[in-house]
file input-v5.cif (mmCIF, C-alpha atoms)
data_upload
loop_
_atom_site.group_PDB
_atom_site.id
_atom_site.type_symbol
_atom_site.label_atom_id
_atom_site.label_comp_id
_atom_site.auth_asym_id
_atom_site.auth_seq_id
_atom_site.Cartn_x
_atom_site.Cartn_y
_atom_site.Cartn_z
ATOM 1 C CA MET A 1 0.000 0.000 0.000
ATOM 2 C CA SER A 2 1.103 3.588 -0.533
ATOM 3 C CA ARG A 3 0.665 6.835 1.334
ATOM 4 C CA THR A 4 -1.039 9.978 0.011
ATOM 5 C CA LEU A 5 0.240 13.507 0.643
ATOM 6 C CA VAL A 6 -2.064 16.516 0.318
ATOM 7 C CA LEU A 7 -0.721 20.093 0.344
ATOM 8 C CA LEU A 8 -3.370 22.767 0.935
ATOM 9 C CA ARG A 9 -2.854 26.497 0.463
ATOM 10 C CA HIS A 10 -4.470 28.885 2.944
ATOM 11 C CA GLY A 11 -7.569 30.960 2.165
ATOM 12 C CA GLN A 12 -7.607 34.567 1.029
ATOM 13 C CA THR A 13 -6.203 37.363 3.173
ATOM 14 C CA ALA A 14 -6.578 41.125 2.912
ATOM 15 C CA SER A 15 -3.023 41.199 1.552
ATOM 16 C CA ASN A 16 -3.963 38.739 -1.199
ATOM 17 C CA ARG A 17 -6.944 40.922 -2.083
ATOM 18 C CA GLU A 18 -4.781 44.056 -2.127
ATOM 19 C CA LYS A 19 -2.012 42.301 -4.128
ATOM 20 C CA ARG A 20 0.442 42.935 -1.312
ATOM 21 C CA ILE A 21 3.614 40.872 -0.840
ATOM 22 C CA GLN A 22 3.042 38.829 2.327
ATOM 23 C CA GLY A 23 6.001 36.509 2.690
ATOM 24 C CA GLN A 24 6.172 35.642 6.380
ATOM 25 C CA LEU A 25 4.135 38.624 7.604
ATOM 26 C CA ASP A 26 1.554 37.126 9.954
ATOM 27 C CA VAL A 27 -1.720 38.081 8.274
ATOM 28 C CA ASP A 28 -5.058 36.442 9.125
ATOM 29 C CA LEU A 29 -7.778 35.358 6.686
ATOM 30 C CA ASP A 30 -10.339 37.917 5.562
ATOM 31 C CA ASP A 31 -14.069 37.150 5.375
ATOM 32 C CA THR A 32 -13.720 35.627 1.912
ATOM 33 C CA GLY A 33 -10.820 33.488 3.103
ATOM 34 C CA ARG A 34 -12.800 32.203 6.067
ATOM 35 C CA GLU A 35 -15.675 31.322 3.720
ATOM 36 C CA GLN A 36 -13.249 29.531 1.375
ATOM 37 C CA ALA A 37 -11.790 27.568 4.273
ATOM 38 C CA ALA A 38 -15.252 26.593 5.512
ATOM 39 C CA ARG A 39 -16.333 25.365 2.048
ATOM 40 C CA THR A 40 -13.076 23.503 1.473
ATOM 41 C CA ALA A 41 -12.935 21.817 4.871
ATOM 42 C CA PRO A 42 -15.555 19.065 4.268
ATOM 43 C CA VAL A 43 -13.953 18.101 0.955
ATOM 44 C CA VAL A 44 -10.433 17.891 2.370
ATOM 45 C CA ALA A 45 -11.666 16.164 5.540
ATOM 46 C CA ALA A 46 -13.363 13.548 3.320
ATOM 47 C CA LEU A 47 -9.848 12.486 2.259
ATOM 48 C CA ARG A 48 -9.548 11.228 5.873
ATOM 49 C CA PRO A 49 -6.087 12.543 6.742
ATOM 50 C CA ASP A 50 -4.428 10.464 9.448
ATOM 51 C CA VAL A 51 -1.849 13.146 10.263
ATOM 52 C CA VAL A 52 -2.196 16.929 9.875
ATOM 53 C CA TRP A 53 0.664 19.413 9.957
ATOM 54 C CA CYS A 54 0.319 23.141 9.395
ATOM 55 C CA SER A 55 2.401 26.276 9.012
ATOM 56 C CA ASP A 56 2.453 28.218 12.273
ATOM 57 C CA LEU A 57 1.320 31.462 10.567
ATOM 58 C CA ALA A 58 -2.191 32.709 11.374
ATOM 59 C CA ARG A 59 -3.636 32.380 7.876
ATOM 60 C CA ALA A 60 -2.684 28.698 7.691
ATOM 61 C CA ARG A 61 -3.920 27.971 11.215
ATOM 62 C CA ALA A 62 -7.271 29.599 10.389
ATOM 63 C CA THR A 63 -7.511 27.437 7.264
ATOM 64 C CA VAL A 64 -6.801 24.152 9.022
ATOM 65 C CA ALA A 65 -9.202 24.877 11.911
ATOM 66 C CA PRO A 66 -12.442 23.974 10.041
ATOM 67 C CA VAL A 67 -10.792 20.852 8.617
ATOM 68 C CA LEU A 68 -9.997 19.724 12.152
ATOM 69 C CA ARG A 69 -13.571 20.427 13.237
ATOM 70 C CA GLU A 70 -14.848 18.273 10.373
ATOM 71 C CA LEU A 71 -12.517 15.511 11.565
ATOM 72 C CA GLY A 72 -13.745 15.869 15.134
ATOM 73 C CA ARG A 73 -10.292 16.904 16.293
ATOM 74 C CA GLU A 74 -9.102 19.684 18.572
ATOM 75 C CA PRO A 75 -6.632 22.275 17.173
ATOM 76 C CA ALA A 76 -3.883 20.824 19.374
ATOM 77 C CA TRP A 77 -4.134 17.478 17.524
ATOM 78 C CA ALA A 78 -2.353 19.020 14.531
ATOM 79 C CA ALA A 79 1.327 19.938 14.524
ATOM 80 C CA TYR A 80 2.324 23.535 13.702
ATOM 81 C CA ASP A 81 5.716 23.714 12.028
ATOM 82 C CA ALA A 82 7.607 26.859 11.001
ATOM 83 C CA ARG A 83 9.275 24.906 8.180
ATOM 84 C CA LEU A 84 5.924 25.010 6.341
ATOM 85 C CA ARG A 85 5.904 28.826 6.257
ATOM 86 C CA GLU A 86 5.882 30.901 3.097
ATOM 87 C CA PHE A 87 9.129 32.299 1.664
ATOM 88 C CA HIS A 88 10.588 35.118 3.675
ATOM 89 C CA LEU A 89 10.590 37.830 1.007
ATOM 90 C CA GLY A 90 13.127 40.143 2.540
ATOM 91 C CA GLU A 91 12.917 43.840 1.784
ATOM 92 C CA ARG A 92 9.792 43.482 -0.376
ATOM 93 C CA GLN A 93 7.438 42.151 2.294
ATOM 94 C CA GLY A 94 4.528 44.532 2.793
ATOM 95 C CA LEU A 95 4.784 46.223 -0.606
ATOM 96 C CA THR A 96 1.840 46.180 -2.999
ATOM 97 C CA HIS A 97 2.526 44.901 -6.496
ATOM 98 C CA GLU A 98 2.252 48.437 -7.853
ATOM 99 C CA GLU A 99 4.698 49.752 -5.233
ATOM 100 C CA TYR A 100 7.099 46.938 -6.087
ATOM 101 C CA ARG A 101 6.794 47.605 -9.844
ATOM 102 C CA THR A 102 7.457 51.329 -9.292
ATOM 103 C CA LEU A 103 10.480 50.560 -7.125
ATOM 104 C CA ASP A 104 12.106 48.171 -9.614
ATOM 105 C CA ALA A 105 10.097 47.068 -12.642
ATOM 106 C CA GLU A 106 12.687 44.571 -13.897
ATOM 107 C CA GLU A 107 13.049 42.876 -10.524
ATOM 108 C CA PHE A 108 9.271 42.794 -10.064
ATOM 109 C CA ALA A 109 8.790 41.127 -13.466
ATOM 110 C CA ALA A 110 11.354 38.469 -12.553
ATOM 111 C CA PHE A 111 9.676 37.904 -9.182
ATOM 112 C CA ARG A 112 6.263 37.526 -10.828
ATOM 113 C CA SER A 113 7.704 34.954 -13.232
ATOM 114 C CA GLY A 114 8.851 32.828 -10.281
ATOM 115 C CA GLU A 115 12.445 34.027 -9.934
ATOM 116 C CA TYR A 116 12.157 34.579 -6.193
ATOM 117 C CA ASP A 117 15.922 34.636 -5.710
ATOM 118 C CA VAL A 118 16.109 38.171 -7.161
ATOM 119 C CA VAL A 119 14.375 39.631 -4.087
ATOM 120 C CA PRO A 120 16.879 41.419 -1.801
ATOM 121 C CA GLY A 121 17.216 39.688 1.550
ATOM 122 C CA ALA A 122 14.793 36.890 0.626
ATOM 123 C CA GLU A 123 15.168 33.194 1.319
ATOM 124 C CA LYS A 124 16.543 31.352 -1.673
ATOM 125 C CA ALA A 125 14.266 28.901 -3.464
ATOM 126 C CA ALA A 126 16.719 26.088 -2.725
ATOM 127 C CA GLU A 127 16.495 26.852 1.000
ATOM 128 C CA VAL A 128 12.705 26.813 0.937
ATOM 129 C CA GLY A 129 12.684 23.596 -1.077
ATOM 130 C CA LEU A 130 15.013 21.978 1.446
ATOM 131 C CA ARG A 131 13.051 22.965 4.556
ATOM 132 C CA MET A 132 9.717 22.047 2.965
ATOM 133 C CA SER A 133 11.059 18.693 1.749
ATOM 134 C CA GLU A 134 12.474 17.904 5.184
ATOM 135 C CA ALA A 135 9.195 18.710 6.915
ATOM 136 C CA LEU A 136 7.059 16.840 4.389
ATOM 137 C CA GLY A 137 9.363 13.834 4.492
ATOM 138 C CA GLU A 138 8.970 13.682 8.267
ATOM 139 C CA LEU A 139 5.219 14.091 7.887
ATOM 140 C CA LEU A 140 5.021 11.141 5.487
ATOM 141 C CA ARG A 141 7.136 8.972 7.766
ATOM 142 C CA ALA A 142 4.703 9.768 10.597
ATOM 143 C CA THR A 143 1.783 8.618 8.424
ATOM 144 C CA PRO A 144 0.651 4.965 8.584
ATOM 145 C CA GLU A 145 1.093 2.754 5.529
ATOM 146 C CA GLY A 146 -1.860 3.333 3.212
ATOM 147 C CA GLY A 147 -2.777 6.520 5.072
ATOM 148 C CA THR A 148 -3.099 10.177 4.110
ATOM 149 C CA ALA A 149 -1.045 13.143 5.308
ATOM 150 C CA LEU A 150 -2.265 16.746 5.085
ATOM 151 C CA ALA A 151 0.001 19.801 5.210
ATOM 152 C CA VAL A 152 -1.454 23.321 5.189
ATOM 153 C CA SER A 153 1.039 25.816 3.814
ATOM 154 C CA HIS A 154 1.463 28.709 1.369
ATOM 155 C CA GLY A 155 1.367 29.240 -2.376
ATOM 156 C CA ALA A 156 4.994 29.874 -3.349
ATOM 157 C CA ALA A 157 6.323 27.396 -0.792
ATOM 158 C CA ILE A 158 4.032 24.670 -2.156
ATOM 159 C CA ARG A 159 5.095 25.399 -5.758
ATOM 160 C CA VAL A 160 8.755 25.030 -4.813
ATOM 161 C CA ALA A 161 8.042 21.937 -2.700
ATOM 162 C CA THR A 162 6.182 20.323 -5.589
ATOM 163 C CA GLY A 163 9.240 20.584 -7.804
ATOM 164 C CA ALA A 164 11.563 19.450 -5.022
ATOM 165 C CA LEU A 165 9.461 16.404 -4.129
ATOM 166 C CA LEU A 166 9.343 15.331 -7.771
ATOM 167 C CA GLY A 167 13.092 15.787 -8.245
ATOM 168 C CA TRP A 168 12.727 18.524 -10.848
ATOM 169 C CA PRO A 169 15.572 20.911 -11.731
ATOM 170 C CA GLU A 170 15.691 23.767 -9.239
ATOM 171 C CA THR A 171 13.856 26.405 -11.280
ATOM 172 C CA GLN A 172 11.324 24.154 -13.029
ATOM 173 C CA PHE A 173 8.700 24.829 -10.352
ATOM 174 C CA ALA A 174 8.146 28.187 -12.068
ATOM 175 C CA SER A 175 6.369 26.310 -14.871
ATOM 176 C CA LEU A 176 3.543 25.542 -12.443
ATOM 177 C CA GLN A 177 0.564 27.872 -12.210
ATOM 178 C CA GLY A 178 0.220 29.613 -8.862
ATOM 179 C CA LEU A 179 -2.198 27.881 -6.507
ATOM 180 C CA ALA A 180 -5.610 29.405 -5.881
ATOM 181 C CA ASN A 181 -6.508 30.269 -2.306
ATOM 182 C CA CYS A 182 -7.579 26.976 -0.707
ATOM 183 C CA GLY A 183 -6.274 25.085 -3.736
ATOM 184 C CA TRP A 184 -4.589 21.786 -3.017
ATOM 185 C CA VAL A 185 -2.059 19.362 -4.487
ATOM 186 C CA VAL A 186 -2.165 15.560 -4.220
ATOM 187 C CA PHE A 187 0.834 13.209 -4.341
ATOM 188 C CA ARG A 188 0.733 9.445 -4.067
ATOM 189 C CA GLU A 189 3.614 7.110 -3.318
ATOM 190 C CA HIS A 190 4.252 4.588 -6.057
ATOM 191 C CA ALA A 191 3.678 1.093 -4.719
ATOM 192 C CA ASP A 192 6.832 -0.310 -6.365
ATOM 193 C CA ASP A 193 9.549 2.248 -5.675
ATOM 194 C CA GLY A 194 8.035 4.504 -2.979
ATOM 195 C CA ARG A 195 8.649 7.655 -5.022
ATOM 196 C CA LEU A 196 6.008 10.355 -5.034
ATOM 197 C CA ARG A 197 3.870 10.846 -8.133
ATOM 198 C CA LEU A 198 1.831 14.001 -8.771
ATOM 199 C CA GLU A 199 -1.826 12.994 -8.910
ATOM 200 C CA ALA A 200 -3.510 16.426 -8.947
ATOM 201 C CA TYR A 201 -2.526 20.097 -8.856
ATOM 202 C CA ASN A 202 -4.648 23.119 -7.892
ATOM 203 C CA ARG A 203 -7.842 21.310 -7.061
ATOM 204 C CA THR A 204 -10.482 23.613 -5.624
ATOM 205 C CA VAL A 205 -14.024 23.300 -4.355
ATOM 206 C CA SER A 206 -15.335 25.666 -7.039
#
call {"tool": "encode", "arguments": {"input": "input-v5.cif", "output": "structure tokens"}}
result
Amino acid sequence: MSRTLVLLRHGQTASNREKRIQGQLDVDLDDTGREQAARTAPVVAALRPDVVWCSDLARARATVAPVLRELGREPAWAAYDARLREFHLGERQGLTHEEYRTLDAEEFAAFRSGEYDVVPGAEKAAEVGLRMSEALGELLRATPEGGTALAVSHGAAIRVATGALLGWPETQFASLQGLANCGWVVFREHADDGRLRLEAYNRTVS
């Protein structure tokens, strides 16, 4: 039997709505994000995750909360791990897209294309891929054979982790579309070699 790994992005925040660079700023869900999380929770809970880990940032914790309620679990049942946080985006955290474009249009265009390493003071994509892969590897090892693991994280971090888990070249993750708020990714271990296969990307409730 093989394990299943589900990576869920958090719901919408005011910063998402305002097109503001969040990075690791600790922003909560807005009303739309809470509604997205509530609608997504029954669908994700129906996957019957045996183990749930979550970024320790507020927007991820608010997204996992209704999933845990659907599972009949208390918030403390999940593990909250800083390795599942979004990229730290250095000097650009807090800027709107328009402010960023005005500051440095060339750098902003590269950032929007997925070249996160151009951001001054930001975590490198390789560093994020490493910490995400380490956390998700531990999560899978904590999951029973044939079971399902759920990790609630962030859009750019999940894109990078997807490439890292599949063994892609370092920058190939940029070929993936950005995840929708409360979009999720599904991996399944191959029964013969134990390697992860991508089963679905950017599934949403609607």
call {"tool": "atom_distance", "arguments": {"input": "input-v5.cif", "atom1": "atom CA of Phe87 of chain A", "atom2": "atom CA of Glu189 of chain A"}}
result
26.3 Å
call {"tool": "resolve_selection", "arguments": {"input": "input-v5.cif", "expression": "the PyMOL selection byres ((chain A and resi 116) around 12)", "output": "PyMOL selection string"}}
result
chain A and resi 21+23+86-90+92+107-115+117-128+156-157+159-160+170-171+173-174
call {"tool": "atom_distance", "arguments": {"input": "input-v5.cif", "atom1": "atom CA of Arg141 of chain A", "atom2": "atom CA of Ser2 of chain A"}}
result
11.6 Å
call {"tool": "closest_residue", "arguments": {"input": "input-v5.cif", "among": "A:Val27, A:Ala79, A:Leu179, A:Leu5", "to": "Gln93 of chain A", "atoms": "all atoms listed in the file"}}
result
A:Val27
call {"tool": "residues_around", "arguments": {"input": "input-v5.cif", "residues": "segment 194-200 of chain A", "least_positions_apart": "5", "cutoff": "7 Å", "atoms": "all atoms listed in the file", "output": "short mmCIF file (atom, residue, chain, number, x, y, z; two decimals) with C-alpha atoms, in the coordinates of the input"}}
result
data_model
loop_
_atom_site.label_atom_id
_atom_site.label_comp_id
_atom_site.auth_asym_id
_atom_site.auth_seq_id
_atom_site.Cartn_x
_atom_site.Cartn_y
_atom_site.Cartn_z
CA LEU A 166 9.34 15.33 -7.77
CA VAL A 185 -2.06 19.36 -4.49
CA VAL A 186 -2.16 15.56 -4.22
CA PHE A 187 0.83 13.21 -4.34
CA ARG A 188 0.73 9.44 -4.07
CA GLU A 189 3.61 7.11 -3.32
#
call {"tool": "residues_around", "arguments": {"input": "input-v5.cif", "residues": "Glu70 of chain A", "least_positions_apart": "4", "cutoff": "12 Å", "atoms": "only C-alpha atoms", "output": "PyMOL selection string"}}
result
chain A and resi 37-49+64-66+74-75
call {"tool": "closest_residue", "arguments": {"input": "input-v5.cif", "among": "A:Leu7, A:Ala60, A:Leu95, A:Leu103", "to": "Met132 of chain A", "atoms": "all atoms listed in the file"}}
result
A:Leu7
call {"tool": "residues_near_point", "arguments": {"input": "input-v5.cif", "point": "(4.5, 28.5, 5.1)", "cutoff": "6 Å", "atoms": "only C-alpha atoms", "output": "list in words"}}
result
Ser55, Leu84, Arg85, Glu86, Ser153 and His154 of chain A
call {"tool": "axis_aligned_box", "arguments": {"input": "input-v5.cif", "around": "segment 61-66 of chain A", "padding_each_side": "3 Å", "output": "JSON"}}
result
{"center_x": -8.2, "center_y": 26.8, "center_z": 9.6, "size_x": 14.5, "size_y": 11.6, "size_z": 10.6}
call {"tool": "atom_distance", "arguments": {"input": "input-v5.cif", "atom1": "atom CA of Arg9 of chain A", "atom2": "atom CA of Ala180 of chain A"}}
result
7.5 Å
call {"tool": "resolve_selection", "arguments": {"input": "input-v5.cif", "expression": "the PyMOL selection byres ((chain A and resi 11) around 9)", "output": "JSON, numbers by chain"}}
result
{"A": [9, 10, 12, 13, 29, 30, 32, 33, 34, 35, 36, 37, 59, 60, 62, 63, 180, 181, 182, 183]}
call {"tool": "closest_residue", "arguments": {"input": "input-v5.cif", "among": "A:Asp26, A:Trp77, A:Ala142, A:Gly72", "to": "Leu57 of chain A", "atoms": "only C-alpha atoms"}}
result
A:Asp26
call {"tool": "closest_residue", "arguments": {"input": "input-v5.cif", "among": "A:Leu136, A:Val6, A:Leu25, A:Leu165", "to": "Tyr201 of chain A", "atoms": "all atoms listed in the file"}}
result
A:Val6
call {"tool": "residues_around", "arguments": {"input": "input-v5.cif", "residues": "Lys19 of chain A", "least_positions_apart": "3", "cutoff": "10 Å", "atoms": "all atoms listed in the file", "output": "VMD selection string"}}
result
chain A and resid 13 to 16 22 94 to 98
call {"tool": "closest_residue", "arguments": {"input": "input-v5.cif", "among": "A:Asp31, A:Arg101, A:Trp168, A:Ala82", "to": "Val152 of chain A", "atoms": "only C-alpha atoms"}}
result
A:Ala82
